[in-house]
2 protein chains.
Amino acid sequence: MKYPNGRKKVKQENNYANLGMTLEKDIDLTNQYYLNNNIAVIHKKPTPVQVVNVSYPARNKAKIVEAYYKTPSTTDYNGIYLGKYIDFDVKETKAKTSFPLRNIHPHQIEHLRKVHEHGGIAFIIVHFKIHNKYFILPIDIILKYWDNKQGRKSIPYNDFLTDGYEINFTYHPRLDYLKVIKKHYLT
Amino acid sequence: MKYPNGRKKVKQENNYANLGMTLEKDIDLTNQYYLNNNIAVIHKKPTPVQVVNVSYPARNKAKIVEAYYKTPSTTDYNGIYLGKYIDFDVKETKAKTSFPLRNIHPHQIEHLRKVHEHGGIAFIIVHFKIHNKYFILPIDIILKYWDNKQGRKSIPYNDFLTDGYEINFTYHPRLDYLKVIKKHYLT
């Protein structure tokens with residue numbers, strides 16, 4: 001491949017940098033589709049921020065001038081679908097043969113465990129970029145590895161193929177994960 | 001009443017200013033109690049913030065130097081209780097005879113309506129400070145007034161007494177609203 005003026009390469013790098021946001025964006029668009037079509041009510045939670053200092057340059061307009069990102073205490077997404085409580089997080093990985101558990105915060109796993117115990121539908125959505133495949137992985141599969149302290153600290157890609165549920169990427173909605181949830185959890 | 005050096009008045013104002021946070025704090029403590037005792041998993045959503053500018057004064061430490069509060073698109077609280085999806089907001093009012101509907105954002109009401117339609121338990125918790133009483137008001141009672149465009153723009157206190165469910169203030173947990181939810185929605 002040739003880059004006659006280098007621009008193509010720059011463009012590639014930009015695309016690459018944006019990849020980290022793609023899955024979240026696709027899920028947000030899918031949730032908007034669910035909302036517009038009255039299929040489900042699922043929202044992304046705001047990123048938690050610790051506000052330290054606020055100034056008031058104008059009336060009724062608070063400007064935050066010092067704040068820091070906080071570690072979230074739960075997952076990013078939750079809501080209701082067919083009367084069921086839904087709770088999940090989304091993760092992208094460049095890994096090929098396994099999903100490293102360090103990609104999930106311990107309190108997110110514990111949160112999903114509690115949701116599961118209380119009768120909610122708890123899972124993660126993982127995008128394996130190299131395979132360009134999307135999977136729902138139920139919390140009990142994650143816990144099988146998480147709770148095994150002597151065991152490996154990653155979930156083999158093969159487990160996604162056997163115990164996960166693949167989500168096909170489509171145009172509209174982008175990632176119809178609730179269709180997959182309905183098939184595997186609710187029928 | 002005398003204010004020999006003005007300090008007493010200042011102290012009063014401070015206390016008064018903090019009142020607005022009391023109900024939220026009591027609900028947060030109650031939710032922590034529910035979590036610790038494995039009764040329910042209910043969290044407050046972070047306040048949404050639009051981050052405009054971030055600086056990096058030290059490695060791995062992002063400092064937000066310009067950000068603004070955004071209007072939330074949903075309610076503040078949601079979660080799962082006895083397998084049911086729970087969604088609500090909390091409001092305090094100094095009003096005596098009615099609760100003004102302008103205290104709730106229109107999109108919060110529409111969000112609660114959708115949750116209700118999808119089979120969730122949707123309501124608001126209102127603290128009437130003058131009466132020192134706390135009520136759960138189901139979304140259908142709110143919608144009765146909200147959808148009546150010609151009608152009054154506030155919900156009479158009397159409706160809280162007849163159609164709302166009172167929550168007693170106790171020490172631990174502070175406001176056991178799920179006990180009230182269980183009695184009126186789940187038995």
# chains A, B, ... in the order shown; residues from 1 in each chain; ligands from 1
call {"tool": "interface_residues", "arguments": {"of": "chain B", "to": "chain A", "cutoff": "8 Å", "atoms": "only C-alpha atoms", "output": "NGL selection string"}}
result
:B and (40-41 or 45-49 or 62-69 or 79-85 or 114-115 or 118-120)
call {"tool": "write_last_selection", "arguments": {"atoms": "N, CA, C and O atoms", "output": "tab-separated table (two decimals), in the first residue's frame"}}
result
chain	number	residue	atom	x	y	z
B	40	ALA	N	-32.17	-4.94	47.96
B	40	ALA	CA	-32.39	-4.41	46.62
B	40	ALA	C	-31.09	-3.81	46.11
B	40	ALA	O	-30.16	-3.56	46.88
B	41	VAL	N	-31.02	-3.58	44.80
B	41	VAL	CA	-29.87	-2.92	44.18
B	41	VAL	C	-30.38	-1.66	43.50
B	41	VAL	O	-30.88	-1.70	42.37
B	45	LYS	N	-28.14	7.85	39.89
B	45	LYS	CA	-27.32	8.09	38.71
B	45	LYS	C	-26.45	9.33	38.94
B	45	LYS	O	-26.88	10.28	39.60
B	46	PRO	N	-25.25	9.33	38.38
B	46	PRO	CA	-24.42	10.53	38.50
B	46	PRO	C	-25.10	11.73	37.82
B	46	PRO	O	-25.89	11.56	36.89
B	47	THR	N	-24.81	12.92	38.32
B	47	THR	CA	-25.31	14.14	37.69
B	47	THR	C	-24.63	14.30	36.33
B	47	THR	O	-23.40	14.28	36.26
B	48	PRO	N	-25.40	14.47	35.26
B	48	PRO	CA	-24.75	14.58	33.94
B	48	PRO	C	-24.02	15.91	33.77
B	48	PRO	O	-24.54	16.97	34.10
B	49	VAL	N	-22.80	15.81	33.28
B	49	VAL	CA	-21.92	16.97	33.11
B	49	VAL	C	-21.38	16.97	31.67
B	49	VAL	O	-20.97	15.93	31.16
B	62	ALA	N	-6.47	13.16	34.88
B	62	ALA	CA	-7.16	14.14	34.06
B	62	ALA	C	-7.89	15.12	34.98
B	62	ALA	O	-8.60	14.72	35.89
B	63	LYS	N	-7.66	16.42	34.75
B	63	LYS	CA	-8.35	17.45	35.52
B	63	LYS	C	-9.31	18.17	34.58
B	63	LYS	O	-8.88	18.76	33.57
B	64	ILE	N	-10.57	18.12	34.92
B	64	ILE	CA	-11.57	18.81	34.11
B	64	ILE	C	-11.55	20.28	34.51
B	64	ILE	O	-11.73	20.61	35.68
B	65	VAL	N	-11.28	21.17	33.54
B	65	VAL	CA	-11.15	22.60	33.87
B	65	VAL	C	-12.30	23.43	33.31
B	65	VAL	O	-12.43	24.61	33.63
B	66	GLU	N	-13.12	22.83	32.45
B	66	GLU	CA	-14.33	23.53	31.99
B	66	GLU	C	-15.42	22.51	31.72
B	66	GLU	O	-15.27	21.62	30.87
B	67	ALA	N	-16.52	22.65	32.43
B	67	ALA	CA	-17.63	21.73	32.25
B	67	ALA	C	-18.90	22.42	32.72
B	67	ALA	O	-18.85	23.42	33.46
B	68	TYR	N	-20.03	21.91	32.27
B	68	TYR	CA	-21.33	22.51	32.63
B	68	TYR	C	-22.32	21.41	32.98
B	68	TYR	O	-22.27	20.31	32.43
B	69	TYR	N	-23.21	21.73	33.89
B	69	TYR	CA	-24.26	20.78	34.24
B	69	TYR	C	-25.24	20.66	33.08
B	69	TYR	O	-25.58	21.66	32.44
B	79	GLY	N	-33.21	0.81	39.65
B	79	GLY	CA	-32.60	-0.42	40.11
B	79	GLY	C	-33.59	-1.56	40.13
B	79	GLY	O	-34.62	-1.51	39.44
B	80	ILE	N	-33.26	-2.59	40.92
B	80	ILE	CA	-34.08	-3.80	40.94
B	80	ILE	C	-34.44	-4.19	42.37
B	80	ILE	O	-33.61	-4.11	43.28
B	81	TYR	N	-35.71	-4.57	42.56
B	81	TYR	CA	-36.22	-5.00	43.86
B	81	TYR	C	-37.19	-6.15	43.64
B	81	TYR	O	-38.16	-6.00	42.88
B	82	LEU	N	-36.91	-7.28	44.25
B	82	LEU	CA	-37.75	-8.48	44.10
B	82	LEU	C	-38.03	-8.78	42.62
B	82	LEU	O	-39.14	-9.11	42.23
B	83	GLY	N	-36.98	-8.64	41.81
B	83	GLY	CA	-37.11	-8.94	40.38
B	83	GLY	C	-37.79	-7.87	39.56
B	83	GLY	O	-37.94	-8.02	38.35
B	84	LYS	N	-38.23	-6.80	40.22
B	84	LYS	CA	-38.94	-5.73	39.51
B	84	LYS	C	-38.04	-4.52	39.24
B	84	LYS	O	-37.24	-4.14	40.09
B	85	TYR	N	-38.25	-3.92	38.08
B	85	TYR	CA	-37.54	-2.69	37.75
B	85	TYR	C	-38.20	-1.51	38.46
B	85	TYR	O	-39.41	-1.30	38.36
B	114	LYS	N	-43.04	6.00	30.32
B	114	LYS	CA	-42.54	4.89	29.50
B	114	LYS	C	-42.21	3.68	30.38
B	114	LYS	O	-42.53	2.53	30.03
B	115	VAL	N	-41.53	3.92	31.49
B	115	VAL	CA	-41.17	2.84	32.40
B	115	VAL	C	-42.43	2.11	32.86
B	115	VAL	O	-42.49	0.87	32.86
B	118	HIS	N	-43.83	-0.10	30.23
B	118	HIS	CA	-43.03	-1.30	30.00
B	118	HIS	C	-43.05	-2.25	31.20
B	118	HIS	O	-42.30	-3.24	31.22
B	119	GLY	N	-43.86	-1.94	32.19
B	119	GLY	CA	-44.03	-2.87	33.31
B	119	GLY	C	-43.16	-2.59	34.52
B	119	GLY	O	-43.08	-3.42	35.43
B	120	GLY	N	-42.51	-1.45	34.56
B	120	GLY	CA	-41.71	-1.09	35.73
B	120	GLY	C	-42.56	-0.39	36.78
B	120	GLY	O	-43.70	-0.01	36.53
call {"tool": "residues_around", "arguments": {"residues": "Glu92 of chain A", "least_positions_apart": "5", "cutoff": "8 Å", "atoms": "only C-alpha atoms", "output": "list in words"}}
result
Gly20, Leu23, Val126, His127, Phe128 and Lys129 of chain A
call {"tool": "residues_around", "arguments": {"residues": "Tyr157 of chain A", "least_positions_apart": "6", "cutoff": "7 Å", "atoms": "only C-alpha atoms", "output": "list in words"}}
result
Thr97, Ser98 and Phe99 of chain A
call {"tool": "write_last_selection", "arguments": {"atoms": "all heavy atoms", "output": "PDB file, in the first residue's frame"}}
result
ATOM      1  N   THR A  97      -7.323 -14.204  21.344  1.00  0.00           N
ATOM      2  CA  THR A  97      -7.672 -15.544  21.829  1.00  0.00           C
ATOM      3  C   THR A  97      -8.399 -15.550  23.167  1.00  0.00           C
ATOM      4  O   THR A  97      -8.917 -16.583  23.577  1.00  0.00           O
ATOM      5  CB  THR A  97      -6.393 -16.401  21.983  1.00  0.00           C
ATOM      6  OG1 THR A  97      -5.504 -15.701  22.867  1.00  0.00           O
ATOM      7  CG2 THR A  97      -5.715 -16.614  20.641  1.00  0.00           C
ATOM      8  N   SER A  98      -8.425 -14.390  23.858  1.00  0.00           N
ATOM      9  CA  SER A  98      -9.135 -14.369  25.139  1.00  0.00           C
ATOM     10  C   SER A  98      -9.455 -12.931  25.538  1.00  0.00           C
ATOM     11  O   SER A  98      -8.846 -11.989  25.028  1.00  0.00           O
ATOM     12  CB  SER A  98      -8.295 -15.025  26.237  1.00  0.00           C
ATOM     13  OG  SER A  98      -7.170 -14.227  26.514  1.00  0.00           O
ATOM     14  N   PHE A  99     -10.411 -12.792  26.459  1.00  0.00           N
ATOM     15  CA  PHE A  99     -10.808 -11.480  26.966  1.00  0.00           C
ATOM     16  C   PHE A  99     -10.239 -11.316  28.373  1.00  0.00           C
ATOM     17  O   PHE A  99     -10.646 -12.032  29.299  1.00  0.00           O
ATOM     18  CB  PHE A  99     -12.330 -11.382  26.979  1.00  0.00           C
ATOM     19  CG  PHE A  99     -12.847 -10.107  27.588  1.00  0.00           C
ATOM     20  CD1 PHE A  99     -12.780  -8.906  26.895  1.00  0.00           C
ATOM     21  CD2 PHE A  99     -13.396 -10.116  28.866  1.00  0.00           C
ATOM     22  CE1 PHE A  99     -13.251  -7.731  27.460  1.00  0.00           C
ATOM     23  CE2 PHE A  99     -13.872  -8.941  29.440  1.00  0.00           C
ATOM     24  CZ  PHE A  99     -13.797  -7.747  28.732  1.00  0.00           C
TER      25      PHE A  99
END
call {"tool": "calpha_fit_rmsd", "arguments": {"fixed": "chain A", "moving": "chain B"}}
result
0.8 Å
call {"tool": "select_by_dssp", "arguments": {"residues": "segment 108-180 of chain B", "states": "strand (DSSP E or B)", "output": "short mmCIF file (atom, residue, chain, number, x, y, z; two decimals) with all heavy atoms, in the first residue's frame"}}
result
data_model
loop_
_atom_site.label_atom_id
_atom_site.label_comp_id
_atom_site.auth_asym_id
_atom_site.auth_seq_id
_atom_site.Cartn_x
_atom_site.Cartn_y
_atom_site.Cartn_z
N ILE B 121 -41.99 -0.22 37.96
CA ILE B 121 -42.65 0.48 39.05
C ILE B 121 -42.09 1.90 39.08
O ILE B 121 -40.92 2.11 39.41
CB ILE B 121 -42.44 -0.24 40.39
CG1 ILE B 121 -43.08 -1.63 40.32
CG2 ILE B 121 -43.01 0.56 41.55
CD1 ILE B 121 -42.85 -2.50 41.55
N ALA B 122 -42.94 2.87 38.69
CA ALA B 122 -42.50 4.25 38.47
C ALA B 122 -43.26 5.19 39.39
O ALA B 122 -44.48 5.14 39.46
CB ALA B 122 -42.72 4.64 37.01
N PHE B 123 -42.53 6.07 40.05
CA PHE B 123 -43.15 6.96 41.03
C PHE B 123 -42.23 8.11 41.36
O PHE B 123 -41.08 8.16 40.90
CB PHE B 123 -43.50 6.17 42.31
CG PHE B 123 -42.34 5.44 42.92
CD1 PHE B 123 -41.56 6.04 43.90
CD2 PHE B 123 -42.01 4.15 42.51
CE1 PHE B 123 -40.48 5.38 44.47
CE2 PHE B 123 -40.92 3.47 43.07
CZ PHE B 123 -40.16 4.08 44.05
N ILE B 124 -42.74 9.06 42.17
CA ILE B 124 -41.86 10.05 42.78
C ILE B 124 -42.03 9.96 44.30
O ILE B 124 -43.06 9.50 44.79
CB ILE B 124 -42.13 11.49 42.29
CG1 ILE B 124 -43.57 11.92 42.59
CG2 ILE B 124 -41.85 11.63 40.79
CD1 ILE B 124 -43.82 13.41 42.33
N ILE B 125 -40.99 10.37 45.00
CA ILE B 125 -41.06 10.49 46.45
C ILE B 125 -41.05 11.99 46.75
O ILE B 125 -40.14 12.70 46.31
CB ILE B 125 -39.88 9.78 47.15
CG1 ILE B 125 -39.98 8.26 46.93
CG2 ILE B 125 -39.85 10.12 48.64
CD1 ILE B 125 -38.79 7.48 47.50
N VAL B 126 -42.07 12.46 47.45
CA VAL B 126 -42.17 13.88 47.76
C VAL B 126 -42.13 14.10 49.26
O VAL B 126 -42.83 13.40 50.02
CB VAL B 126 -43.47 14.50 47.17
CG1 VAL B 126 -43.57 15.98 47.55
CG2 VAL B 126 -43.49 14.34 45.65
N HIS B 127 -41.29 15.03 49.68
CA HIS B 127 -41.23 15.44 51.08
C HIS B 127 -41.92 16.81 51.21
O HIS B 127 -41.43 17.80 50.66
CB HIS B 127 -39.78 15.54 51.54
CG HIS B 127 -39.64 15.97 52.97
ND1 HIS B 127 -38.50 16.57 53.45
CD2 HIS B 127 -40.49 15.88 54.03
CE1 HIS B 127 -38.66 16.84 54.74
NE2 HIS B 127 -39.86 16.44 55.11
N PHE B 128 -43.05 16.83 51.90
CA PHE B 128 -43.69 18.10 52.25
C PHE B 128 -43.07 18.57 53.56
O PHE B 128 -43.38 18.06 54.63
CB PHE B 128 -45.20 17.92 52.41
CG PHE B 128 -45.95 17.87 51.11
CD1 PHE B 128 -46.17 16.66 50.47
CD2 PHE B 128 -46.43 19.04 50.53
CE1 PHE B 128 -46.86 16.61 49.26
CE2 PHE B 128 -47.12 19.00 49.33
CZ PHE B 128 -47.34 17.78 48.69
N LYS B 133 -43.95 15.31 56.10
CA LYS B 133 -44.45 14.00 55.68
C LYS B 133 -43.84 13.61 54.34
O LYS B 133 -43.56 14.47 53.49
CB LYS B 133 -45.97 14.03 55.55
CG LYS B 133 -46.68 13.87 56.90
CD LYS B 133 -48.18 13.68 56.71
CE LYS B 133 -48.92 13.55 58.02
NZ LYS B 133 -48.64 12.28 58.73
N TYR B 134 -43.63 12.31 54.18
CA TYR B 134 -43.02 11.76 52.96
C TYR B 134 -44.04 10.85 52.28
O TYR B 134 -44.67 10.02 52.94
CB TYR B 134 -41.79 10.94 53.30
CG TYR B 134 -40.70 11.70 54.00
CD1 TYR B 134 -40.74 11.90 55.38
CD2 TYR B 134 -39.63 12.24 53.29
CE1 TYR B 134 -39.73 12.60 56.04
CE2 TYR B 134 -38.62 12.94 53.92
CZ TYR B 134 -38.68 13.12 55.30
OH TYR B 134 -37.68 13.81 55.93
N PHE B 135 -44.16 11.00 50.96
CA PHE B 135 -45.12 10.18 50.21
C PHE B 135 -44.50 9.60 48.96
O PHE B 135 -43.68 10.25 48.28
CB PHE B 135 -46.32 11.02 49.77
CG PHE B 135 -47.15 11.57 50.88
CD1 PHE B 135 -46.92 12.86 51.35
CD2 PHE B 135 -48.16 10.81 51.47
CE1 PHE B 135 -47.69 13.38 52.37
CE2 PHE B 135 -48.92 11.33 52.50
CZ PHE B 135 -48.69 12.63 52.96
N ILE B 136 -44.92 8.38 48.63
CA ILE B 136 -44.72 7.83 47.29
C ILE B 136 -45.95 8.21 46.49
O ILE B 136 -47.09 7.96 46.93
CB ILE B 136 -44.58 6.30 47.34
CG1 ILE B 136 -43.21 5.94 47.91
CG2 ILE B 136 -44.78 5.68 45.95
CD1 ILE B 136 -43.05 4.46 48.21
N LEU B 137 -45.76 8.83 45.33
CA LEU B 137 -46.89 9.13 44.45
C LEU B 137 -46.68 8.38 43.13
O LEU B 137 -45.73 8.66 42.38
CB LEU B 137 -47.00 10.64 44.20
CG LEU B 137 -48.35 11.07 43.62
CD1 LEU B 137 -49.49 10.88 44.64
CD2 LEU B 137 -48.31 12.52 43.15
N PRO B 138 -47.57 7.40 42.82
CA PRO B 138 -47.41 6.61 41.59
C PRO B 138 -47.55 7.50 40.35
O PRO B 138 -48.26 8.50 40.37
CB PRO B 138 -48.56 5.60 41.66
CG PRO B 138 -48.96 5.56 43.10
CD PRO B 138 -48.71 6.94 43.63
N SER B 154 -50.80 21.79 39.49
CA SER B 154 -50.24 21.28 40.73
C SER B 154 -51.13 20.15 41.26
O SER B 154 -52.31 20.07 40.91
CB SER B 154 -50.12 22.40 41.76
OG SER B 154 -51.39 22.90 42.08
N ILE B 155 -50.53 19.30 42.05
CA ILE B 155 -51.27 18.16 42.61
C ILE B 155 -51.62 18.49 44.06
O ILE B 155 -50.73 18.76 44.87
CB ILE B 155 -50.41 16.88 42.55
CG1 ILE B 155 -50.00 16.60 41.09
CG2 ILE B 155 -51.17 15.69 43.14
CD1 ILE B 155 -49.00 15.46 40.93
N PRO B 156 -52.93 18.50 44.40
CA PRO B 156 -53.33 18.88 45.76
C PRO B 156 -52.71 17.96 46.81
O PRO B 156 -52.58 16.75 46.59
CB PRO B 156 -54.86 18.71 45.74
CG PRO B 156 -55.24 18.69 44.31
CD PRO B 156 -54.07 18.14 43.56
N TYR B 165 -48.79 7.00 49.03
CA TYR B 165 -48.50 6.05 50.10
C TYR B 165 -47.46 6.68 51.00
O TYR B 165 -46.35 6.97 50.56
CB TYR B 165 -47.97 4.74 49.52
CG TYR B 165 -48.81 4.19 48.38
CD1 TYR B 165 -48.25 3.95 47.13
CD2 TYR B 165 -50.17 3.91 48.57
CE1 TYR B 165 -49.01 3.44 46.09
CE2 TYR B 165 -50.94 3.42 47.53
CZ TYR B 165 -50.36 3.19 46.30
OH TYR B 165 -51.11 2.70 45.27
N GLU B 166 -47.82 6.87 52.25
CA GLU B 166 -46.89 7.54 53.16
C GLU B 166 -45.71 6.65 53.54
O GLU B 166 -45.86 5.44 53.73
CB GLU B 166 -47.63 8.02 54.42
CG GLU B 166 -46.75 8.97 55.23
CD GLU B 166 -47.48 9.59 56.43
OE1 GLU B 166 -48.71 9.45 56.56
OE2 GLU B 166 -46.76 10.22 57.25
N ILE B 167 -44.54 7.27 53.62
CA ILE B 167 -43.33 6.58 54.10
C ILE B 167 -43.01 7.17 55.47
O ILE B 167 -42.91 8.39 55.60
CB ILE B 167 -42.12 6.81 53.18
CG1 ILE B 167 -42.47 6.59 51.71
CG2 ILE B 167 -40.95 5.93 53.59
CD1 ILE B 167 -41.41 7.18 50.76
N PHE B 169 -40.61 8.13 58.49
CA PHE B 169 -39.20 8.40 58.72
C PHE B 169 -38.75 7.61 59.94
O PHE B 169 -39.34 7.71 61.01
CB PHE B 169 -38.97 9.89 58.93
CG PHE B 169 -37.52 10.27 58.89
CD1 PHE B 169 -36.93 10.70 57.72
CD2 PHE B 169 -36.73 10.19 60.03
CE1 PHE B 169 -35.58 11.04 57.66
CE2 PHE B 169 -35.39 10.53 59.99
CZ PHE B 169 -34.82 10.95 58.80
N LEU B 175 -35.67 6.01 55.30
CA LEU B 175 -36.97 6.07 54.63
C LEU B 175 -37.19 4.75 53.90
O LEU B 175 -36.75 4.59 52.76
CB LEU B 175 -37.01 7.23 53.62
CG LEU B 175 -37.08 8.64 54.18
CD1 LEU B 175 -36.75 9.67 53.11
CD2 LEU B 175 -38.47 8.90 54.77
#
call {"tool": "select_by_dssp", "arguments": {"residues": "chain A", "states": "helix (DSSP H, G or I)", "output": "NGL selection string"}}
result
:A and (7-36 or 101-103 or 106-117 or 139-146 or 157-163 or 177-185)
call {"tool": "atom_distance", "arguments": {"atom1": "atom CA of Leu29 of chain A", "atom2": "atom CA of Arg113 of chain B"}}
result
21.4 Å
call {"tool": "atom_distance", "arguments": {"atom1": "atom CA of Ile141 of chain A", "atom2": "atom CA of Ile109 of chain A"}}
result
11.3 Å
call {"tool": "closest_residue", "arguments": {"among": "B:Thr71, B:Phe88, B:Pro100, B:Ala95", "to": "Ile139 of chain B", "atoms": "only C-alpha atoms"}}
result
B:Phe88
call {"tool": "decode", "arguments": {"residues": "segment 150-169 of chain A", "atoms": "N, CA, C and O atoms", "output": "CSV table (one decimal), in the first residue's frame"}}
result
chain,number,residue,atom,x,y,z
A,150,GLN,N,-7.6,-19.3,41.6
A,150,GLN,CA,-6.4,-20.0,41.2
A,150,GLN,C,-6.3,-20.0,39.6
A,150,GLN,O,-5.3,-20.3,39.1
A,151,GLY,N,-7.5,-19.8,39.0
A,151,GLY,CA,-7.5,-20.0,37.6
A,151,GLY,C,-7.0,-18.8,36.8
A,151,GLY,O,-6.4,-17.9,37.3
A,152,ARG,N,-7.2,-18.9,35.5
A,152,ARG,CA,-6.7,-17.9,34.6
A,152,ARG,C,-7.5,-16.6,34.7
A,152,ARG,O,-8.6,-16.6,35.1
A,153,LYS,N,-6.8,-15.5,34.4
A,153,LYS,CA,-7.4,-14.2,34.6
A,153,LYS,C,-8.0,-13.6,33.2
A,153,LYS,O,-8.1,-12.4,33.0
A,154,SER,N,-8.4,-14.6,32.4
A,154,SER,CA,-9.0,-14.1,31.1
A,154,SER,C,-10.0,-15.2,30.7
A,154,SER,O,-9.9,-16.4,31.1
A,155,ILE,N,-10.9,-14.8,29.9
A,155,ILE,CA,-12.0,-15.7,29.4
A,155,ILE,C,-11.6,-16.1,27.9
A,155,ILE,O,-11.5,-15.2,27.1
A,156,PRO,N,-11.4,-17.4,27.6
A,156,PRO,CA,-11.0,-17.8,26.3
A,156,PRO,C,-12.1,-17.3,25.2
A,156,PRO,O,-13.3,-17.4,25.5
A,157,TYR,N,-11.6,-17.0,24.1
A,157,TYR,CA,-12.5,-16.6,23.0
A,157,TYR,C,-13.4,-17.7,22.7
A,157,TYR,O,-14.6,-17.5,22.4
A,158,ASN,N,-12.9,-18.9,22.8
A,158,ASN,CA,-13.7,-20.1,22.6
A,158,ASN,C,-15.0,-20.2,23.4
A,158,ASN,O,-16.1,-20.6,23.0
A,159,ASP,N,-14.9,-19.7,24.7
A,159,ASP,CA,-16.0,-19.6,25.6
A,159,ASP,C,-17.1,-18.7,25.1
A,159,ASP,O,-18.3,-18.9,25.3
A,160,PHE,N,-16.7,-17.6,24.4
A,160,PHE,CA,-17.7,-16.7,23.8
A,160,PHE,C,-18.4,-17.4,22.7
A,160,PHE,O,-19.6,-17.3,22.5
A,161,LEU,N,-17.7,-18.3,21.9
A,161,LEU,CA,-18.3,-19.0,20.8
A,161,LEU,C,-19.3,-20.1,21.4
A,161,LEU,O,-20.4,-20.3,20.8
A,162,THR,N,-19.0,-20.7,22.5
A,162,THR,CA,-19.8,-21.8,23.0
A,162,THR,C,-20.9,-21.3,24.0
A,162,THR,O,-22.0,-21.7,24.0
A,163,ASP,N,-20.5,-20.3,24.9
A,163,ASP,CA,-21.4,-19.9,26.0
A,163,ASP,C,-22.0,-18.5,25.8
A,163,ASP,O,-22.9,-18.1,26.5
A,164,GLY,N,-21.4,-17.7,24.9
A,164,GLY,CA,-21.9,-16.4,24.6
A,164,GLY,C,-22.9,-16.4,23.6
A,164,GLY,O,-23.2,-17.5,23.0
A,165,TYR,N,-23.6,-15.3,23.3
A,165,TYR,CA,-24.6,-15.2,22.3
A,165,TYR,C,-24.2,-14.1,21.3
A,165,TYR,O,-24.0,-13.0,21.7
A,166,GLU,N,-24.0,-14.5,20.1
A,166,GLU,CA,-23.5,-13.5,19.1
A,166,GLU,C,-24.6,-12.5,18.7
A,166,GLU,O,-25.7,-12.9,18.6
A,167,ILE,N,-24.1,-11.3,18.6
A,167,ILE,CA,-25.0,-10.2,18.1
A,167,ILE,C,-24.5,-9.8,16.7
A,167,ILE,O,-23.4,-9.5,16.5
A,168,ASN,N,-25.4,-9.9,15.7
A,168,ASN,CA,-25.1,-9.5,14.4
A,168,ASN,C,-25.1,-8.0,14.3
A,168,ASN,O,-26.0,-7.3,14.8
A,169,PHE,N,-24.1,-7.4,13.6
A,169,PHE,CA,-24.1,-6.0,13.3
A,169,PHE,C,-25.0,-5.7,12.1
A,169,PHE,O,-24.8,-6.3,11.1
